[in-house]
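Structure record follows, encoded as structure tokens.
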Amino acid sequence: QCRVHSVTMGNAFSFLKLAVANLDRDMESNPDEVKSILIESIDAYIQERIQFADVAICKHASSKIIDGDVILTYARSELMEGILLGASQTKKFRVILVDSRPLLEAKKMLDTLTKAGIECTYILLNSLSYVMKEVTKVFLGASALMRDGSILSRVGTASVALMAKSYNVPVLVCCETYKISNRVQLESITGNELGNPDELMENPNNPADSEALKGWKDADNLRLLNLLYDLTPSEFVSGIVTEMGILPPTSVAVLLREMNPQESGSSLS
Amino acid sequence: LVCVIQRTESETMMGLQMELKQASEQMMEFANDPMNSIMLGGRSHIALASGCELFMKYITRCFLELPDFNACIAQIISRGQRFSNISIAARDRIATTGRAFVRPGATVLTHGWSSVVSSLLIQAAAETHFEIVILEGRPDASGAKAAANVYSKAGIPTTVVLDSAMAYVMERVDMVIVGAEGVVENGGIINKIGTYTMAIAAKELGKPFYVAAESFKFARLYPLNQSDLPSLGEHVKSKLSFVDTACWIATGGAVGKKPTETDNGKSKQNVMDGLVSMPPEVKVENPLCDYTPAKYITLLFTDLGVLTPSAVSDELISLYQ
């Protein structure tokens, strides 16, 4: 079973196709040189669009963190880890990590942050409404950024953003520009990835519960749906932190035009 | 800043940039100096900062093209002159585009003293008949002063109300026009305190909220909320005096007189004189500016044209590209 084609893979592949198309026709006779040029451009892509972009994003995001902040994050994003670790060296703040089954990704981030001496609180998504009133800022990661400013991210992100909006807490999404997609999605089901449904069945804390859903495959009217991504509408996002600076969600189309010209031209994605 | 360039002796681009940076920092310090900020009304330092930054970006763009430094300097000076002329002409351009929005017989609500807004309204008054409602504009009474000195002299029927009466009058106005200290990246504005309240009330009552601002006020700031604003003149902020004008009228102007000794030797406060003196335990907060998010703003009149708030970010990206 193959995984669904992700936006970032698509963007990287378009870049590669463009690089191949830009190659000199005369070089066809020399395959080694062609390969080394392509490898060089791939390395440059990784360095500029991913690694340097992450450094720039850390700088911009840290400028928004002040002493005494209570920052909420959801699940795990390496970029978020980098931002918080970097900011903790100059500022004093605490972090609330929100996690959700079945992946429980935030546990790893909890480990890293506490080892760095940052004061952390760990909750599951169910208790979000209790802690939200203490939160000063929400920082989220993204898998992809749609052209209208909506965010495709780990399932549960939309709920976090919605809750933050209703408590008037600013939501900042940290996302490199290579993740911008030409697509506009209206809801979360389109193009989503399905995880292993058996994971929903298991409850490691209470093995007796796992028995309850054991026969789900045989039951005619029971389906277990384990979605991995969801779409956060742009109204819930206060700002998007990219390597170009902090921008409003309405400007994503402008960024697409500037940074990924090969994406914005095509009508097929 | 153009004068600095003309007088520079540096031989390299980097040296020139250093000198310009120093000059703009000195201007910022001048603006932040306690005595001077009272003169400037403690307002303009955001516009100053963004204006300087844009100016430097604009002129240094050419240095990549010309290898010869002296030719470069000459070009920079001419570009600098052009920039300052554009900025002055911007106000007129805004007035020309904006005045069409003021329909005959309209009532316009405005706040504070903005040269852009007043030139817009005065130009509009030349062709249409409308009236203005303006808020008093405490603590510097900028609204009241504008009404007395500017709008009445231009012959526009003006009504001055208390700041707190803003929502009360909102139902009978047709539109709101304000200026801006700075326009931020998401299309929101930073302006005199009270603008945010006005925007919320306008949105609630369905009145269009227009902002008139020159493009040099576009700043690379992204406030998330009111506490995320750059700090402005701490010293001016905490001074606020409370006057009971009703008492003042009743007592025939006994404001500011020292409280007189009473029989048991204790001086009486806030009885005869209209000035209310605060005991030290009471904290007084006097923010000068507030941030109005983009969702409350209908349109911005700028010298780049009439923009929606989301277009501001587009313009900023191309200005700073």
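FYI, nothing fancy with the structure tokens labels: chains A, B, ... in order, residues from 1 per chain, ligands from 1 as they appear.
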
- Message: Just want the 7 Å neighbourhood of segment 9-15 of chain A, counted on only C-alpha atoms, with same-chain residues fewer than 4 positions away dropped. Output as a PyMOL selection string.
- Response: chain A and resi 5+19+178

Saved selection, atoms kept: N, CA and C atoms, as a PDB file, in the first residue's frame:
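Listed below is the output, result.pdb:
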ATOM      1  N   HIS A   5       0.727  10.814  -2.311  1.00  0.00           N
ATOM      2  CA  HIS A   5       1.696  11.782  -2.814  1.00  0.00           C
ATOM      3  C   HIS A   5       1.556  13.102  -2.039  1.00  0.00           C
ATOM      4  N   ALA A  19      14.876  21.547 -13.396  1.00  0.00           N
ATOM      5  CA  ALA A  19      16.333  21.509 -13.481  1.00  0.00           C
ATOM      6  C   ALA A  19      16.775  20.649 -14.659  1.00  0.00           C
ATOM      7  N   TYR A 178       8.798  26.026   0.524  1.00  0.00           N
ATOM      8  CA  TYR A 178       8.729  24.899  -0.410  1.00  0.00           C
ATOM      9  C   TYR A 178       7.484  24.052  -0.175  1.00  0.00           C
TER      10      TYR A 178
END

Distance-based interface of chain A with chain B, 8 Å, counting only C-alpha atoms, as a compact mmCIF listing (two decimals) with C-alpha atoms, in the first residue's frame:
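New file iface-v6.txt:
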# COMPACT_ATOMS: atom_id res chain seq x y z
CA PRO A 170 -2.93 34.46 18.19
CA SER A 238 -3.16 34.98 12.60
CA ILE A 246 5.72 36.87 8.94
CA LEU A 247 2.86 37.17 6.47
CA PRO A 248 -0.93 37.16 6.59
CA THR A 250 -4.01 36.17 2.28
CA SER A 251 -0.46 36.62 0.96
CA VAL A 254 1.74 36.19 -3.68

- Please identify all polymer residues within 9 Å of segment 40-53 of chain A, counting only C-alpha atoms, omitting same-chain residues fewer than 3 positions from it, and present them as number ranges by chain. A: 12, 15-16, 19, 35-37, 56-58, 176-178, 242-244

- Could you pull out the residues in segment 15-197 of chain A that DSSP calls alpha helix (DSSP H) from the backbone, as a PyMOL selection string? chain A and resi 15-21+31-45+53-62+78-88+106-115+128-131+157-166

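Taking atom CA of Met175 of chain B as the reference point, atom CA of Lys207 of chain B is found at 5.4 Å.
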
- Task: Find the residues around Ser215 of chain B up to 7 Å (only C-alpha atoms counted), leave out those fewer than 6 positions away in its own chain, and share them as a PyMOL selection string.
- Result: chain B and resi 302-304

Would you output that residue set with N, CA and C atoms, as a PDB file, in the first residue's frame?
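The new file selection.pdb reads:
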ATOM      1  N   THR B 302      -4.155  55.053  -0.491  1.00  0.00           N
ATOM      2  CA  THR B 302      -2.724  55.335  -0.450  1.00  0.00           C
ATOM      3  C   THR B 302      -2.317  55.946  -1.771  1.00  0.00           C
ATOM      4  N   ASP B 303      -1.053  56.418  -1.816  1.00  0.00           N
ATOM      5  CA  ASP B 303      -0.581  56.983  -3.079  1.00  0.00           C
ATOM      6  C   ASP B 303      -0.316  55.894  -4.104  1.00  0.00           C
ATOM      7  N   LEU B 304      -0.365  54.636  -3.687  1.00  0.00           N
ATOM      8  CA  LEU B 304      -0.236  53.535  -4.654  1.00  0.00           C
ATOM      9  C   LEU B 304      -1.608  53.160  -5.204  1.00  0.00           C
TER      10      LEU B 304
END

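Proximity to Ser164 of chain B at 12 Å, evaluated using only C-alpha atoms and with sequence-adjacent residues fewer than 6 positions away removed, yields B:Ile134, B:Leu135, B:Glu136, B:Gly137, B:Arg138, B:Met170, B:Gly194, B:Thr197, B:Met198, B:Ala201.
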
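Near Asn191 of chain B, within a cut-off of 10 Å and counting only C-alpha atoms, sit the residues B:Arg43, B:Ser44, B:Ile46, B:His111, B:Gly112, B:Ser114, B:Val178, B:Gly179, B:Ala180, B:Glu181, B:Gly182, B:Val183, B:Gly188, B:Ile189, B:Ile193, B:Gly194, B:Thr195, B:Tyr196, B:Val211, B:Leu288, B:Cys289, B:Asp290, B:Tyr291, B:Thr292, with same-chain residues fewer than 2 positions away left out.
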
- Message: To test your reading of the structure, identify every residue in segment 142-248 of chain A that backbone DSSP assigns to strand (DSSP E), and report it as a ChimeraX atom specification.
- Response: /A:144-145,151-154,171-174,229-232,239-242,245-247

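Contact shell of Thr97 of chain B at 12 Å (only C-alpha atoms; same-chain neighbours under 2 positions omitted): Ala90, Arg91, Asp92, Arg93, Ile94, Ala95, Arg99, Ala100, Phe101, Val102, Val116, Val117, Ser119, Leu120, Leu121, Gln123, Ala124, Ala212, Ala213, Leu299, Leu300, Phe301, Thr302, Asp303, Leu304, Gly305, Val306 and Leu307 of chain B.
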
- Task: Quote the spacing between atom CA of Val173 of chain A and atom CA of Val241 of chain A in Å to one decimal place.
- Result: 6.0 Å
